[in-house]
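Text of structure_31.txt (compact mmCIF, C-alpha atoms) as supplied:
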# COMPACT_ATOMS: atom_id res chain seq x y z
CA MET A 7 66.50 -2.35 -25.26
CA ASN A 8 65.73 -6.08 -24.78
CA LYS A 9 62.52 -5.12 -22.99
CA HIS A 10 61.34 -3.39 -26.14
CA LYS A 11 62.72 -5.89 -28.63
CA LYS A 12 59.30 -6.97 -29.91
CA SER A 13 58.06 -3.38 -30.37
CA LEU A 14 61.26 -2.39 -32.18
CA GLN A 15 61.02 -5.37 -34.49
CA GLU A 16 57.40 -4.54 -35.28
CA ILE A 17 58.26 -0.90 -35.93
CA ALA A 18 61.07 -1.88 -38.28
CA GLY A 19 58.73 -4.20 -40.14
CA ILE A 20 56.01 -1.56 -40.53
CA ILE A 21 58.53 1.04 -41.72
CA LYS A 22 59.93 -1.33 -44.33
CA SER A 23 56.50 -2.33 -45.64
CA SER A 24 54.92 1.15 -45.67
CA GLN A 25 55.35 3.94 -48.21
CA LYS A 26 53.40 7.07 -47.19
CA PHE A 27 53.98 8.35 -43.65
CA PHE A 28 52.30 10.88 -41.37
CA ILE A 29 54.62 12.23 -38.64
CA ALA A 30 53.62 14.61 -35.82
CA GLY A 31 54.33 15.35 -32.19
CA HIS A 32 52.61 17.22 -29.39
CA LEU A 33 51.12 20.70 -29.30
CA LYS A 34 53.54 23.52 -28.48
CA PRO A 35 56.33 21.57 -30.19
CA ASP A 36 59.71 21.61 -28.48
CA GLY A 37 63.23 20.65 -29.49
CA ASP A 38 62.66 16.95 -28.91
CA THR A 39 59.44 16.79 -30.94
CA ILE A 40 60.86 18.84 -33.82
CA GLY A 41 64.33 17.28 -33.88
CA THR A 42 63.00 13.71 -33.70
CA ALA A 43 60.37 14.31 -36.39
CA LEU A 44 62.93 15.83 -38.77
CA ALA A 45 65.48 13.05 -38.22
CA LEU A 46 62.75 10.48 -38.82
CA LYS A 47 61.59 12.22 -41.99
CA SER A 48 65.14 12.29 -43.36
CA LEU A 49 65.69 8.62 -42.53
CA LEU A 50 62.45 7.57 -44.25
CA ALA A 51 63.27 9.67 -47.33
CA ARG A 52 66.68 7.96 -47.53
CA MET A 53 64.84 4.65 -47.53
CA GLY A 54 62.78 5.68 -50.54
CA LYS A 55 59.63 6.46 -48.54
CA GLU A 56 57.22 9.41 -48.70
CA PRO A 57 57.26 11.08 -45.25
CA HIS A 58 55.21 14.16 -44.28
CA VAL A 59 55.77 16.07 -41.02
CA PHE A 60 52.86 18.09 -39.63
CA SER A 61 52.29 20.36 -36.66
CA LYS A 62 49.21 22.21 -35.48
CA GLU A 63 51.33 25.01 -34.06
CA PRO A 64 54.38 26.83 -35.46
CA VAL A 65 57.94 25.60 -35.05
CA PRO A 66 59.74 27.56 -32.30
CA SER A 67 62.08 30.16 -33.77
CA ASN A 68 65.16 28.60 -32.14
CA MET A 69 64.48 25.34 -33.99
CA LEU A 70 64.05 26.79 -37.48
CA PHE A 71 67.77 26.32 -38.20
CA LEU A 72 67.39 22.53 -38.19
CA PRO A 73 67.51 20.90 -41.64
CA GLY A 74 63.96 20.66 -42.99
CA ALA A 75 62.31 22.65 -40.17
CA ARG A 76 60.84 25.23 -42.52
CA ASP A 77 59.20 22.46 -44.56
CA ILE A 78 57.05 21.22 -41.66
CA LYS A 79 53.41 21.62 -42.67
CA ILE A 80 51.35 23.68 -40.23
CA ARG A 81 47.74 22.48 -40.40
CA ASP A 82 44.57 22.58 -38.30
CA LYS A 83 43.50 19.27 -39.81
CA VAL A 84 45.17 16.81 -42.17
CA THR A 85 43.14 15.06 -44.85
CA GLY A 86 43.97 11.95 -46.85
CA VAL A 87 45.14 8.50 -45.87
CA PHE A 88 48.55 7.14 -44.92
CA ASP A 89 50.16 3.73 -44.78
CA CYS A 90 51.61 4.61 -41.39
CA ALA A 91 51.20 7.38 -38.80
CA ILE A 92 54.09 7.85 -36.36
CA ILE A 93 53.07 9.99 -33.39
CA LEU A 94 55.73 11.28 -31.03
CA GLU A 95 55.47 11.81 -27.25
CA SER A 96 51.72 12.44 -27.15
CA VAL A 97 49.55 10.87 -24.47
CA SER A 98 46.64 10.90 -26.91
CA LEU A 99 45.59 12.16 -30.33
CA GLU A 100 44.23 15.26 -28.59
CA ARG A 101 47.70 16.05 -27.24
CA MET A 102 48.91 15.90 -30.85
CA GLY A 103 46.18 18.38 -31.78
CA SER A 104 43.84 15.77 -33.31
CA LEU A 105 45.44 16.42 -36.69
CA ILE A 106 44.18 13.08 -38.00
CA GLU A 107 41.88 10.28 -37.00
CA LEU A 108 43.21 6.77 -36.38
CA SER A 109 41.14 5.58 -39.35
CA GLN A 110 43.33 7.65 -41.70
CA ALA A 111 46.33 5.34 -41.22
CA ASP A 112 46.63 1.61 -41.83
CA LYS A 113 49.17 1.39 -39.01
CA VAL A 114 49.79 3.73 -36.08
CA ILE A 115 53.11 3.77 -34.21
CA ASN A 116 53.03 5.48 -30.81
CA ILE A 117 56.47 6.54 -29.53
CA ASP A 118 56.60 8.07 -26.05
CA HIS A 119 59.05 8.38 -23.17
CA HIS A 120 56.77 10.00 -20.59
CA ALA A 121 55.43 8.28 -17.50
CA THR A 122 51.91 9.33 -18.52
CA PHE A 123 50.81 7.54 -21.70
CA THR A 124 48.08 5.57 -23.44
CA ASN A 125 48.46 2.63 -25.80
CA PHE A 126 46.52 4.08 -28.73
CA GLY A 127 48.80 2.71 -31.46
CA HIS A 128 48.96 -0.59 -33.25
CA VAL A 129 52.51 -0.60 -31.90
CA ASN A 130 53.30 1.27 -28.69
CA TYR A 131 56.99 1.91 -28.04
CA ILE A 132 56.82 3.37 -24.52
CA ASP A 133 60.03 3.75 -22.56
CA SER A 134 59.96 6.06 -19.55
CA THR A 135 63.66 5.37 -18.94
CA ALA A 136 64.60 6.99 -22.26
CA SER A 137 65.84 10.55 -21.98
CA SER A 138 63.88 11.70 -25.01
CA SER A 139 62.03 10.68 -28.14
CA ALA A 140 65.30 11.40 -29.91
CA GLU A 141 66.96 8.61 -27.92
CA GLN A 142 64.11 6.24 -28.82
CA LEU A 143 64.48 7.09 -32.51
CA TYR A 144 68.24 6.59 -32.26
CA ILE A 145 67.50 3.03 -31.12
CA ILE A 146 65.16 2.60 -34.09
CA PHE A 147 68.02 3.71 -36.35
CA LYS A 148 70.07 0.85 -34.91
CA GLN A 149 67.18 -1.59 -35.32
CA LEU A 150 67.08 -0.65 -39.02
CA ASN A 151 70.89 -0.90 -39.30
CA LYS A 152 71.07 2.76 -40.31
CA LYS A 153 73.65 5.31 -39.18
CA PRO A 154 72.53 8.95 -38.87
CA THR A 155 73.80 11.38 -41.47
CA ALA A 156 75.38 14.60 -40.19
CA ALA A 157 72.06 16.43 -40.67
CA GLU A 158 70.08 13.69 -38.91
CA ALA A 159 72.60 13.63 -36.06
CA GLU A 160 72.12 17.38 -35.62
CA CYS A 161 68.34 16.94 -35.35
CA LEU A 162 68.70 14.06 -32.89
CA TYR A 163 71.18 16.03 -30.78
CA ALA A 164 68.78 19.00 -30.67
CA GLY A 165 66.12 16.69 -29.25
CA LEU A 166 68.53 15.13 -26.78
CA VAL A 167 70.10 18.35 -25.48
CA THR A 168 66.78 20.15 -25.01
CA ASP A 169 64.95 17.32 -23.24
CA THR A 170 67.85 16.73 -20.85
CA GLY A 171 68.11 20.45 -20.10
CA LYS A 172 71.60 20.69 -21.57
CA PHE A 173 72.40 17.38 -19.78
CA GLN A 174 71.49 18.87 -16.40
CA HIS A 175 68.26 16.95 -15.68
CA SER A 176 68.08 13.55 -14.01
CA ASN A 177 67.31 11.94 -17.38
CA ALA A 178 70.87 12.64 -18.56
CA SER A 179 71.59 8.93 -18.30
CA PRO A 180 74.67 6.97 -19.38
CA SER A 181 72.82 5.93 -22.55
CA ALA A 182 71.92 9.55 -23.31
CA LEU A 183 75.54 10.67 -22.92
CA ALA A 184 76.78 7.71 -24.97
CA MET A 185 74.33 8.73 -27.70
CA ALA A 186 75.61 12.31 -27.56
CA SER A 187 79.15 11.02 -28.05
CA GLU A 188 78.11 9.02 -31.12
CA LEU A 189 76.25 12.00 -32.60
CA ILE A 190 79.33 14.18 -32.15
CA LYS A 191 81.34 11.54 -34.01
CA ALA A 192 78.70 11.77 -36.77
CA GLY A 193 79.39 15.47 -37.22
CA VAL A 194 77.50 17.40 -34.54
CA LYS A 195 79.22 20.54 -33.25
CA PRO A 196 77.81 21.02 -29.70
CA PHE A 197 79.00 24.63 -29.40
CA ARG A 198 77.23 25.53 -32.65
CA LEU A 199 73.95 23.98 -31.56
CA TYR A 200 74.18 25.66 -28.16
CA ASP A 201 74.45 29.06 -29.85
CA ARG A 202 71.55 28.33 -32.20
CA ILE A 203 69.23 26.90 -29.54
CA TYR A 204 70.06 28.89 -26.42
CA ALA A 205 72.18 31.97 -27.18
CA ASN A 206 69.54 33.65 -29.30
CA LYS A 207 67.37 35.59 -26.86
CA THR A 208 65.50 38.62 -28.16
CA PRO A 209 65.10 41.89 -26.24
CA CYS A 210 61.41 40.98 -25.83
CA SER A 211 62.21 37.62 -24.25
CA LEU A 212 64.72 39.18 -21.87
CA ARG A 213 62.23 41.88 -20.86
CA LEU A 214 59.68 39.16 -20.15
CA LEU A 215 62.23 37.25 -18.08
CA GLY A 216 62.86 40.39 -16.02
CA LEU A 217 59.15 40.86 -15.34
CA ALA A 218 58.77 37.19 -14.40
CA LEU A 219 61.76 37.31 -12.06
CA ASN A 220 60.28 40.39 -10.40
CA SER A 221 57.21 38.28 -9.52
CA LEU A 222 59.31 35.64 -7.73
CA LYS A 223 57.91 34.43 -4.42
CA ILE A 224 59.21 31.79 -2.04
CA SER A 225 56.73 29.68 -0.10
CA LYS A 226 56.56 29.97 3.66
CA GLY A 227 58.46 26.74 4.08
CA GLY A 228 61.20 27.97 1.76
CA GLN A 229 61.05 24.92 -0.49
CA ILE A 230 58.81 26.16 -3.31
CA ALA A 231 59.60 29.03 -5.68
CA CYS A 232 56.82 30.55 -7.75
CA MET A 233 56.73 33.02 -10.64
CA ARG A 234 53.92 34.22 -12.86
CA ILE A 235 53.47 35.67 -16.34
CA THR A 236 50.29 37.64 -16.96
CA ARG A 237 48.80 38.88 -20.22
CA GLN A 238 49.83 42.39 -19.22
CA MET A 239 53.44 41.22 -18.84
CA PHE A 240 53.35 39.77 -22.36
CA LYS A 241 52.02 43.10 -23.60
CA ASN A 242 54.54 45.22 -21.69
CA ALA A 243 57.46 43.11 -22.94
CA GLY A 244 56.14 42.79 -26.49
CA ALA A 245 56.66 39.05 -26.07
CA SER A 246 54.90 35.84 -27.10
CA VAL A 247 54.44 32.38 -25.58
CA ASN A 248 57.62 31.22 -27.34
CA ASP A 249 59.54 33.69 -25.17
CA THR A 250 58.59 31.79 -22.00
CA GLU A 251 60.95 28.88 -22.68
CA GLU A 252 63.54 28.36 -19.92
CA ILE A 253 61.96 30.94 -17.54
CA ILE A 254 60.71 28.23 -15.17
CA ASN A 255 64.26 26.95 -14.75
CA TYR A 256 65.26 30.10 -12.86
CA CYS A 257 63.13 28.91 -9.94
CA MET A 258 65.50 25.98 -9.50
CA MET A 259 68.69 28.07 -9.32
CA MET A 260 68.35 28.32 -5.53
CA PRO A 261 69.75 25.16 -3.89
CA GLU A 262 67.11 24.94 -1.16
CA ILE A 263 64.20 24.91 -3.61
CA LYS A 264 62.51 21.55 -4.18
CA ILE A 265 59.77 22.68 -6.57
CA GLY A 266 59.56 25.53 -9.06
CA VAL A 267 56.17 26.75 -10.30
CA LEU A 268 55.43 29.05 -13.25
CA SER A 269 51.82 30.20 -13.67
CA ARG A 270 51.05 31.71 -17.07
CA GLU A 271 48.02 33.34 -18.60
CA ASN A 272 47.27 32.71 -22.26
CA PRO A 273 48.13 35.92 -24.18
CA GLY A 274 45.98 34.97 -27.16
CA GLY A 275 43.12 33.08 -25.53
CA ALA A 276 40.83 33.05 -22.54
CA ARG A 277 42.16 34.96 -19.55
CA ASN A 278 41.12 32.20 -17.15
CA ASP A 279 43.07 29.48 -18.98
CA ILE A 280 46.13 29.14 -16.74
CA LYS A 281 49.12 27.03 -17.75
CA ILE A 282 51.15 25.60 -14.86
CA SER A 283 54.75 24.48 -15.44
CA LEU A 284 56.59 22.54 -12.73
CA ARG A 285 60.24 21.69 -12.10
CA SER A 286 61.65 19.77 -9.16
CA ARG A 287 64.52 18.07 -7.42
CA GLY A 288 63.84 15.05 -5.24
CA PHE A 289 60.08 15.20 -5.87
CA ASP A 290 57.91 13.59 -8.56
CA VAL A 291 55.93 16.44 -10.12
CA SER A 292 54.61 14.23 -12.93
CA GLU A 293 52.39 12.40 -10.43
CA PHE A 294 51.08 15.75 -9.16
CA ALA A 295 50.44 16.97 -12.73
CA ARG A 296 48.54 13.78 -13.63
CA HIS A 297 46.05 14.59 -10.87
CA TYR A 298 45.08 17.68 -12.89
CA GLY A 299 45.01 15.99 -16.28
CA GLY A 300 48.58 16.86 -17.22
CA GLY A 301 51.83 14.94 -17.16
CA GLY A 302 55.43 14.90 -18.23
CA HIS A 303 58.66 13.85 -16.57
CA ARG A 304 59.44 13.19 -12.93
CA ASN A 305 61.28 16.52 -12.64
CA ALA A 306 59.53 18.52 -15.37
CA SER A 307 55.77 18.46 -15.88
CA GLY A 308 52.79 20.68 -16.48
CA PHE A 309 49.03 21.04 -16.75
CA SER A 310 46.31 23.65 -17.26
CA LEU A 311 43.58 24.93 -14.94
CA LYS A 312 40.69 27.34 -15.30
CA GLY A 313 40.48 30.32 -12.99
CA ASN A 314 42.07 33.56 -11.90
CA ILE A 315 45.87 33.33 -12.01
CA ALA A 316 46.28 34.49 -8.39
CA SER A 317 43.73 32.01 -7.01
CA VAL A 318 45.05 29.14 -9.16
CA GLU A 319 48.58 29.90 -8.02
CA GLU A 320 47.50 30.01 -4.35
CA LYS A 321 45.67 26.69 -4.69
CA ILE A 322 48.60 24.92 -6.34
CA ILE A 323 51.17 26.23 -3.85
CA ALA A 324 48.99 25.08 -0.94
CA LYS A 325 48.62 21.59 -2.46
CA LEU A 326 52.33 21.32 -3.26
CA SER A 327 53.32 22.50 0.22
CA LYS A 328 51.32 19.68 1.77
CA ALA A 329 52.75 17.17 -0.68
CA VAL A 330 56.33 18.25 0.07
CA GLU A 331 55.72 17.98 3.83
CA LYS A 332 54.70 14.33 3.36

Kindly transcribe the structure held in the file into C-alpha cells.
Amino acid sequence: MNKHKKSLQEIAGIIKSSQKFFIAGHLKPDGDTIGTALALKSLLARMGKEPHVFSKEPVPSNMLFLPGARDIKIRDKVTGVFDCAIILESVSLERMGSLIELSQADKVINIDHHATFTNFGHVNYIDSTASSSAEQLYIIFKQLNKKPTAAEAECLYAGLVTDTGKFQHSNASPSALAMASELIKAGVKPFRLYDRIYANKTPCSLRLLGLALNSLKISKGGQIACMRITRQMFKNAGASVNDTEEIINYCMMMPEIKIGVLSRENPGGARNDIKISLRSRGFDVSEFARHYGGGGHRNASGFSLKGNIASVEEKIIAKLSKAVEK
C-alpha cells in the first residue's frame, strides 16, 4: 500500500472534489468489473456524488443479482461531460469499448491490476500484486475512511471471488483472504454468493460444456490441454458466449497439464475471429498473450487472432509447446 500512497491520496482528493462520475470497465464484463463498479457507484452515492456506471456489453446473467446491476447503462457511446472518469482494469480506452473520449472528463482515474497496462489516466493506480480491482477499491475505501455497507461488501466479494477463481488461483494472496474475512464480517454470506454466481448453469450451458469436453486434446508432450468451441457447437447447444465462462478451467483439472487452451469462434461475428483463452500452472501465459496483443494475469490470459479455428489452434499449440520446453 505504501508504494501506492501518492496515487491513493490523489484519488481520494479527486473523488472528494468531483461531483459527476463516469464509471466503466472492460468489454465482456466479468464479476470483478461489475462488482467493483457497483461498489464504487454505491460509495460515491453515499458521499453525495452523482455516479453513472456504463458498459458497452450486457451484464452477465450470473451477476444481475448484485445490488444495482440492472441499472447499469448499456451504451455504444456515452455523450456529455464528467468531472471524473474512473476506468477499471482496461489496458486502454479501446479495451473499455471507447465509450468516451478522454476530453469528456476533467480527471481520469485508471485502476488496473494486470501486468499489461498503459498510463492513460491523470492518476494511474496500477498494482499487479492485487488480486482484483475489487481489492484495489477496498483499499480506496480505507483511504477515504469508509467502511463498506452490506450491499457494497457483497459487490466487492463477487469481484474478489471470481477473479481469484473461488480462491484457487495464485492471486489468492494473504491480503485477498484478509479482505474476504472483513467482507464476511460486513454481512457477506459466501454460500449464498456461490449459489448465485456458480450454481446457476442452464441446460444450454451444460450442453455446450459437453461439446467442448468432447473436443479435448492433449498435446504430444502431455503438458498442454486444448478444447474448442465452434459456431456450430453454439448452435447445437442453443448457447451464447456467456455460457463459455469456466469451460477453460476444465483443461487444468488434470495434474500433469501446465497450460490449458480454449479456442472459440465468435457466434455473432466473423467466423475467422478466434478468441484464445489461456490458463496455466508454473508458466506465465500473460507474457505469451502480450505477444499477440492480449494480456491478463500470469495464470489466466487471452487474446484474439484472425484465421481458421483449426489452423489458429495448431499454430498456438506449436508455439506454446516450444515455450514450455524452454

From the list A:Ala51, A:Val59, A:Leu268, A:Ile263, which residue is nearest Arg287 of chain A when using all atoms listed in the file? A:Ile263

I want to know what sits within 12 Å of Lys113 of chain A, based on all atoms listed in the file, with residues of the same chain fewer than 2 positions away left out; could you give that as a VMD selection string? chain A and resid 16 to 17 19 to 21 23 to 28 87 to 93 107 to 111 115 to 116 126 to 130

Compile the contact shell of segment 30-34 of chain A as a PyMOL selection string: residues with an atom at most 7 Å away, counting all atoms listed in the file, same-chain residues fewer than 2 positions apart removed. chain A and resi 28+36+39+43+59-63+92-96+101-103

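Taking only C-alpha atoms into account, Leu212 of chain A lies nearest to A:Gly244 out of the set A:Gly244, A:Pro196, A:Gly302, A:Gly227.
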
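Taking atom CA of Arg52 of chain A as the reference point, atom CA of Ala192 of chain A is found at 16.6 Å.
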
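Put simply, atom CA of His175 of chain A is 28.9 Å away from atom CA of Pro273 of chain A.
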
Per residue of segment 62-159 of chain A within 12 Å of segment 201-204 of chain A, which atom pair is closest and at what distance in Å (one decimal), using only C-alpha atoms, listed by chain and increasing number, as a Markdown table?
| residue | atom | partner | partner_atom | distance |
| --- | --- | --- | --- | --- |
| A:Pro66 | CA | A:Ile203 | CA | 9.9 |
| A:Ser67 | CA | A:Ile203 | CA | 8.9 |
| A:Asn68 | CA | A:Ile203 | CA | 5.1 |
| A:Met69 | CA | A:Ile203 | CA | 6.7 |
| A:Leu70 | CA | A:Arg202 | CA | 9.3 |
| A:Phe71 | CA | A:Arg202 | CA | 7.4 |
| A:Leu72 | CA | A:Arg202 | CA | 9.3 |

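Proximity of A:Gln174, A:Gln142, A:Thr208, A:Ser187 to Asn305 of chain A, computed with all atoms listed in the file, is greatest for A:Gln174.
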